[in-house]
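Here the structure comes first, spelled out in structure tokens, and everything after it is commentary.
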Amino acid sequence: MTDDKKIIAFVVYPGMTPLDMVGPLTVLDGMASSAQEYRTVVVGETKEPVTTDNPLKLVATHTYDEVPSPYALLVPGGAAPTLKALADEKLVGYLRTAGANAELVTSVCTGSLLLGQAGLLEGRKAATHWMFREFLRAFGAEPVAERWVEDGNVITAAGVSAGIDLALHLVERLVGAEIARTIQFVIEYDPEPPQGPLDWSKRPYGDLKPLLEHTLNDALADEPALRDKLLAHTGQ
């Protein structure tokens, strides 16, 4: 890509959770429409349709080779397919090289595990979906139970909808609070969930260890070393 805009690259891969990407993309594309030094793109290994963890398919606008050095990188997450993607050498290799030179490296949900696998979280505070938080330790990161956490040029968000919070923070950081507030009004982001705020003392599943072990064994059956590396952190 040869234009002089600051490219914000959203990464797609098989089995990801669409809302992890589409929410932040909506926010940051809105920013790019008014702050025209920025441009949003969707990057994948190919431009073929990518399956997600629901019936929706996504199509990249650019390949890895076409966006080797984005200004900012955002990596969405998911469940078992994201764990499987930890062994995707092309994906992790792209994150490693693109992330090493990016001004901002960000993720939503378990996308932070992919950043960790790419060696981008060592010694940093990081967030992810609450079910997978302790896995961050396997990559040398310090898990943080926050909606999003910023550590240097790396900003990671918790599960799914937290990506919108991260994106609005990015807008404020890049172009100011006034535009961020305007976008928040445009997308009517003012959550009032029908069941009220989450009571974390009543989170489901109880002992997560059996569920996490099953998920890891299923997703990484062909990657025993990586599976065992993460299994070591299921009992935290």
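The way I read the labels, and the way they are meant: chains A, B, ... in the order of the structure tokens, residue 1 as the first residue of every chain, and ligand 1 as the first ligand shown, with later ones counted on from there.
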
*Find the residues near Ala118 (chain A): any atom within 7 Å, counting only C-alpha atoms, skip ones fewer than 5 places away on the same chain, and give them as JSON, numbers by chain.*
{"A": [92, 93, 95, 96]}

_Polymer residues at most 10 Å from Ala232 (chain A), only C-alpha atoms, same-chain spacing of 6 or more positions, as number ranges by chain_ = A: 134-135, 137-138, 213

Can you check which parts of region 27-134 of chain A lie within 10 Å of region 172-177 of chain A? Per residue, the shortest pair of atoms and distance in Å to one decimal, counting only C-alpha atoms, sorted by chain and number, as CSV.
```
residue,atom,partner,partner_atom,distance
A:Met31,CA,A:Val175,CA,8.1
A:Ala32,CA,A:Val175,CA,9.9
A:Ser34,CA,A:Val175,CA,9.7
A:Ala35,CA,A:Val175,CA,7.4
A:Tyr38,CA,A:Leu174,CA,9.7
```

Counting only C-alpha atoms, what is within 12 Å of Leu83 (chain A), bar same-chain residues fewer than 3 positions away, as an mmCIF file with C-alpha atoms, in the first residue's frame?
```
data_model
loop_
_atom_site.group_PDB
_atom_site.id
_atom_site.type_symbol
_atom_site.label_atom_id
_atom_site.label_comp_id
_atom_site.auth_asym_id
_atom_site.auth_seq_id
_atom_site.Cartn_x
_atom_site.Cartn_y
_atom_site.Cartn_z
ATOM 1 C CA TYR A 13 -8.935 -15.134 10.279
ATOM 2 C CA PRO A 14 -11.179 -18.240 10.287
ATOM 3 C CA GLY A 15 -13.511 -18.696 13.251
ATOM 4 C CA MET A 16 -13.123 -15.228 14.782
ATOM 5 C CA GLY A 77 -10.678 -12.853 19.216
ATOM 6 C CA GLY A 78 -12.971 -15.823 19.512
ATOM 7 C CA ALA A 79 -13.127 -19.160 21.293
ATOM 8 C CA ALA A 80 -11.661 -22.488 20.111
ATOM 9 C CA LEU A 86 -2.214 -19.628 17.722
ATOM 10 C CA ALA A 87 -0.561 -22.280 15.557
ATOM 11 C CA ASP A 88 -1.220 -20.393 12.297
ATOM 12 C CA VAL A 92 1.205 -15.016 13.859
ATOM 13 C CA CYS A 109 -11.141 -10.442 23.587
ATOM 14 C CA THR A 110 -8.788 -13.393 22.988
ATOM 15 C CA GLY A 111 -7.089 -11.507 20.188
ATOM 16 C CA SER A 112 -4.592 -10.626 22.920
ATOM 17 C CA LEU A 113 -3.531 -14.290 23.043
ATOM 18 C CA LEU A 114 -2.536 -13.986 19.390
ATOM 19 C CA LEU A 115 -0.522 -10.879 20.238
ATOM 20 C CA GLY A 116 1.107 -12.879 23.009
ATOM 21 C CA GLN A 117 1.952 -15.726 20.640
ATOM 22 C CA PHE A 132 -9.189 -16.958 29.189
ATOM 23 C CA PHE A 135 -3.672 -17.814 29.655
ATOM 24 C CA LEU A 212 -10.829 -24.833 29.483
ATOM 25 C CA GLU A 213 -9.054 -28.182 29.362
ATOM 26 C CA THR A 215 -11.473 -26.451 24.784
ATOM 27 C CA LEU A 216 -7.688 -26.628 24.622
ATOM 28 C CA ASN A 217 -7.620 -30.353 23.913
ATOM 29 C CA ASP A 218 -10.128 -29.877 21.111
ATOM 30 C CA ALA A 219 -8.525 -26.799 19.545
ATOM 31 C CA LEU A 220 -4.868 -27.798 19.884
ATOM 32 C CA ALA A 221 -4.932 -31.576 19.531
ATOM 33 C CA ASP A 222 -2.282 -31.304 16.808
ATOM 34 C CA GLU A 223 -0.146 -28.821 18.741
ATOM 35 C CA LEU A 226 1.313 -25.173 22.698
ATOM 36 C CA ARG A 227 -1.611 -26.998 24.315
ATOM 37 C CA LYS A 229 1.880 -24.420 27.610
ATOM 38 C CA LEU A 230 -1.654 -23.084 28.038
ATOM 39 C CA LEU A 231 -2.884 -26.014 30.120
#
```

_Applying 12 Å and only C-alpha atoms, which residues near Lys57 (chain A) remain after dropping the ones on its own chain fewer than 5 positions away? List them as a count of residues only._
15

*asked:* Between A:Leu25, A:Val108, A:Ile8, A:Ala167, which residue has the minimum interatomic distance to Pro68 (chain A), considering only C-alpha atoms?
replied: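 Of all the options, A:Ile8 lies closest to Pro68 (chain A).
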
_With only C-alpha atoms as the counted atoms, please give the residues lying no more than 9 Å from Glu122 (chain A), apart from itself and same-chain residues fewer than 3 positions off, as a list in words._
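Contacts, in chain order: Gly116, Gly119, Lys125, Phe139, Gly140, Ala141 and Glu142 of chain A.
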
Closest pair table for region 145-174 of chain A residues within 10 Å of region 103-106 of chain A, only C-alpha atoms, as a Markdown table:
```
| residue | atom | partner | partner_atom | distance |
| --- | --- | --- | --- | --- |
| A:Trp148 | CA | A:Thr106 | CA | 10.0 |
| A:Val149 | CA | A:Thr106 | CA | 9.9 |
| A:Glu150 | CA | A:Thr106 | CA | 9.0 |
| A:Gly152 | CA | A:Leu104 | CA | 8.7 |
| A:Asn153 | CA | A:Leu104 | CA | 5.0 |
| A:Val154 | CA | A:Val105 | CA | 4.8 |
| A:Ile155 | CA | A:Thr106 | CA | 4.7 |
| A:Thr156 | CA | A:Thr106 | CA | 5.3 |
| A:Ala157 | CA | A:Thr106 | CA | 7.8 |
| A:Gly163 | CA | A:Thr106 | CA | 9.5 |
| A:Leu166 | CA | A:Thr106 | CA | 8.5 |
| A:Ala167 | CA | A:Thr106 | CA | 9.3 |
| A:Leu170 | CA | A:Leu104 | CA | 9.3 |
```

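Of the residues listed (A:Ala98, A:Phe10, A:Thr26, A:Leu208), A:Thr26 shows the shortest atom-to-atom separation from Tyr189 (chain A); distances use only C-alpha atoms.
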
*When DSSP works through the backbone of this structure, what residues of chain A end up as helix (DSSP H, G or I), shown as a VMD selection string?*
chain A and resid 18 to 34 64 to 66 80 to 85 89 to 101 111 to 117 130 to 139 162 to 175 177 to 186 200 to 202 209 to 219 224 to 231

*Nearest to Pro24 (chain A) by atom-to-atom distance, counting only C-alpha atoms, from A:Ala102, A:Leu168, A:Ile187, A:Val144*: A:Leu168

*Have a look at CA of Pro70 (chain A) and CA of Ala85 (chain A) and let me know their distance in Å, one decimal.*
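The value is 21.0 Å.
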
*For each of A:Asn54, A:Gln195, A:Gln184, A:Ser161, take the minimum atom-to-atom distance to Gly23 (chain A), counting only C-alpha atoms, then give the residue where this is smallest.*
A:Ser161

_Residues of region 28-85 of chain A in strand (DSSP E or B), written as a PyMOL selection string_ = chain A and resi 38-44+50-52+57-58+62-63+72-75

Export N, CA and C atoms of the chosen residues as a PDB file, in the first residue's frame?
```pdb
ATOM      1  N   TYR A  38      -6.300   9.294   8.317  1.00  0.00           N
ATOM      2  CA  TYR A  38      -6.403   7.882   8.682  1.00  0.00           C
ATOM      3  C   TYR A  38      -7.221   7.115   7.648  1.00  0.00           C
ATOM      4  N   ARG A  39      -6.929   5.834   7.532  1.00  0.00           N
ATOM      5  CA  ARG A  39      -7.680   4.954   6.643  1.00  0.00           C
ATOM      6  C   ARG A  39      -7.810   3.588   7.307  1.00  0.00           C
ATOM      7  N   THR A  40      -8.995   3.003   7.277  1.00  0.00           N
ATOM      8  CA  THR A  40      -9.197   1.670   7.836  1.00  0.00           C
ATOM      9  C   THR A  40      -9.211   0.637   6.711  1.00  0.00           C
ATOM     10  N   VAL A  41      -8.569  -0.495   6.961  1.00  0.00           N
ATOM     11  CA  VAL A  41      -8.579  -1.611   6.022  1.00  0.00           C
ATOM     12  C   VAL A  41      -8.785  -2.900   6.803  1.00  0.00           C
ATOM     13  N   VAL A  42      -9.219  -3.931   6.105  1.00  0.00           N
ATOM     14  CA  VAL A  42      -9.387  -5.260   6.695  1.00  0.00           C
ATOM     15  C   VAL A  42      -8.385  -6.181   6.022  1.00  0.00           C
ATOM     16  N   VAL A  43      -7.535  -6.805   6.817  1.00  0.00           N
ATOM     17  CA  VAL A  43      -6.399  -7.562   6.298  1.00  0.00           C
ATOM     18  C   VAL A  43      -6.558  -9.048   6.601  1.00  0.00           C
ATOM     19  N   GLY A  44      -6.275  -9.879   5.613  1.00  0.00           N
ATOM     20  CA  GLY A  44      -6.314 -11.326   5.788  1.00  0.00           C
ATOM     21  C   GLY A  44      -5.250 -11.996   4.944  1.00  0.00           C
ATOM     22  N   VAL A  50     -14.030 -15.364   4.694  1.00  0.00           N
ATOM     23  CA  VAL A  50     -13.545 -16.021   5.905  1.00  0.00           C
ATOM     24  C   VAL A  50     -14.741 -16.385   6.777  1.00  0.00           C
ATOM     25  N   THR A  51     -14.808 -17.628   7.212  1.00  0.00           N
ATOM     26  CA  THR A  51     -15.866 -18.036   8.125  1.00  0.00           C
ATOM     27  C   THR A  51     -15.631 -17.411   9.497  1.00  0.00           C
ATOM     28  N   THR A  52     -16.717 -17.234  10.237  1.00  0.00           N
ATOM     29  CA  THR A  52     -16.617 -16.726  11.603  1.00  0.00           C
ATOM     30  C   THR A  52     -17.304 -17.726  12.532  1.00  0.00           C
ATOM     31  N   LYS A  57     -19.993 -14.334   7.120  1.00  0.00           N
ATOM     32  CA  LYS A  57     -18.643 -14.446   6.572  1.00  0.00           C
ATOM     33  C   LYS A  57     -18.085 -13.046   6.318  1.00  0.00           C
ATOM     34  N   LEU A  58     -16.767 -12.924   6.403  1.00  0.00           N
ATOM     35  CA  LEU A  58     -16.098 -11.644   6.221  1.00  0.00           C
ATOM     36  C   LEU A  58     -15.081 -11.752   5.091  1.00  0.00           C
ATOM     37  N   HIS A  62      -7.598  -6.315   1.892  1.00  0.00           N
ATOM     38  CA  HIS A  62      -6.189  -6.387   1.531  1.00  0.00           C
ATOM     39  C   HIS A  62      -5.568  -7.669   2.102  1.00  0.00           C
ATOM     40  N   THR A  63      -4.493  -8.108   1.491  1.00  0.00           N
ATOM     41  CA  THR A  63      -3.744  -9.242   2.015  1.00  0.00           C
ATOM     42  C   THR A  63      -2.617  -8.742   2.925  1.00  0.00           C
ATOM     43  N   ALA A  72      -1.520   1.216  12.737  1.00  0.00           N
ATOM     44  CA  ALA A  72      -2.135   0.570  13.898  1.00  0.00           C
ATOM     45  C   ALA A  72      -2.707  -0.774  13.489  1.00  0.00           C
ATOM     46  N   LEU A  73      -2.756  -1.671  14.437  1.00  0.00           N
ATOM     47  CA  LEU A  73      -3.193  -3.042  14.203  1.00  0.00           C
ATOM     48  C   LEU A  73      -4.260  -3.379  15.229  1.00  0.00           C
ATOM     49  N   LEU A  74      -5.364  -4.009  14.788  1.00  0.00           N
ATOM     50  CA  LEU A  74      -6.369  -4.504  15.727  1.00  0.00           C
ATOM     51  C   LEU A  74      -6.660  -5.966  15.419  1.00  0.00           C
ATOM     52  N   VAL A  75      -6.566  -6.801  16.461  1.00  0.00           N
ATOM     53  CA  VAL A  75      -6.742  -8.245  16.315  1.00  0.00           C
ATOM     54  C   VAL A  75      -7.966  -8.694  17.110  1.00  0.00           C
TER      55      VAL A  75
END
```

*Of the candidates A:Pro210, A:Gly30, A:Pro194, A:Pro224, which shows the shortest atom-to-atom distance to Met131 (chain A), using only C-alpha atoms?*
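Of A:Pro210, A:Gly30, A:Pro194, A:Pro224, the one nearest Met131 (chain A) is A:Pro210, counting only C-alpha atoms.
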
*By how many Å are CA of Leu136 (chain A) and CA of Gly196 (chain A) apart?*
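Between CA of Leu136 (chain A) and CA of Gly196 (chain A) the gap is 28.7 Å.
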
*Length of the CA of Glu178 (chain A) to CA of Gly159 (chain A) vector [Å]*: 26.0 Å
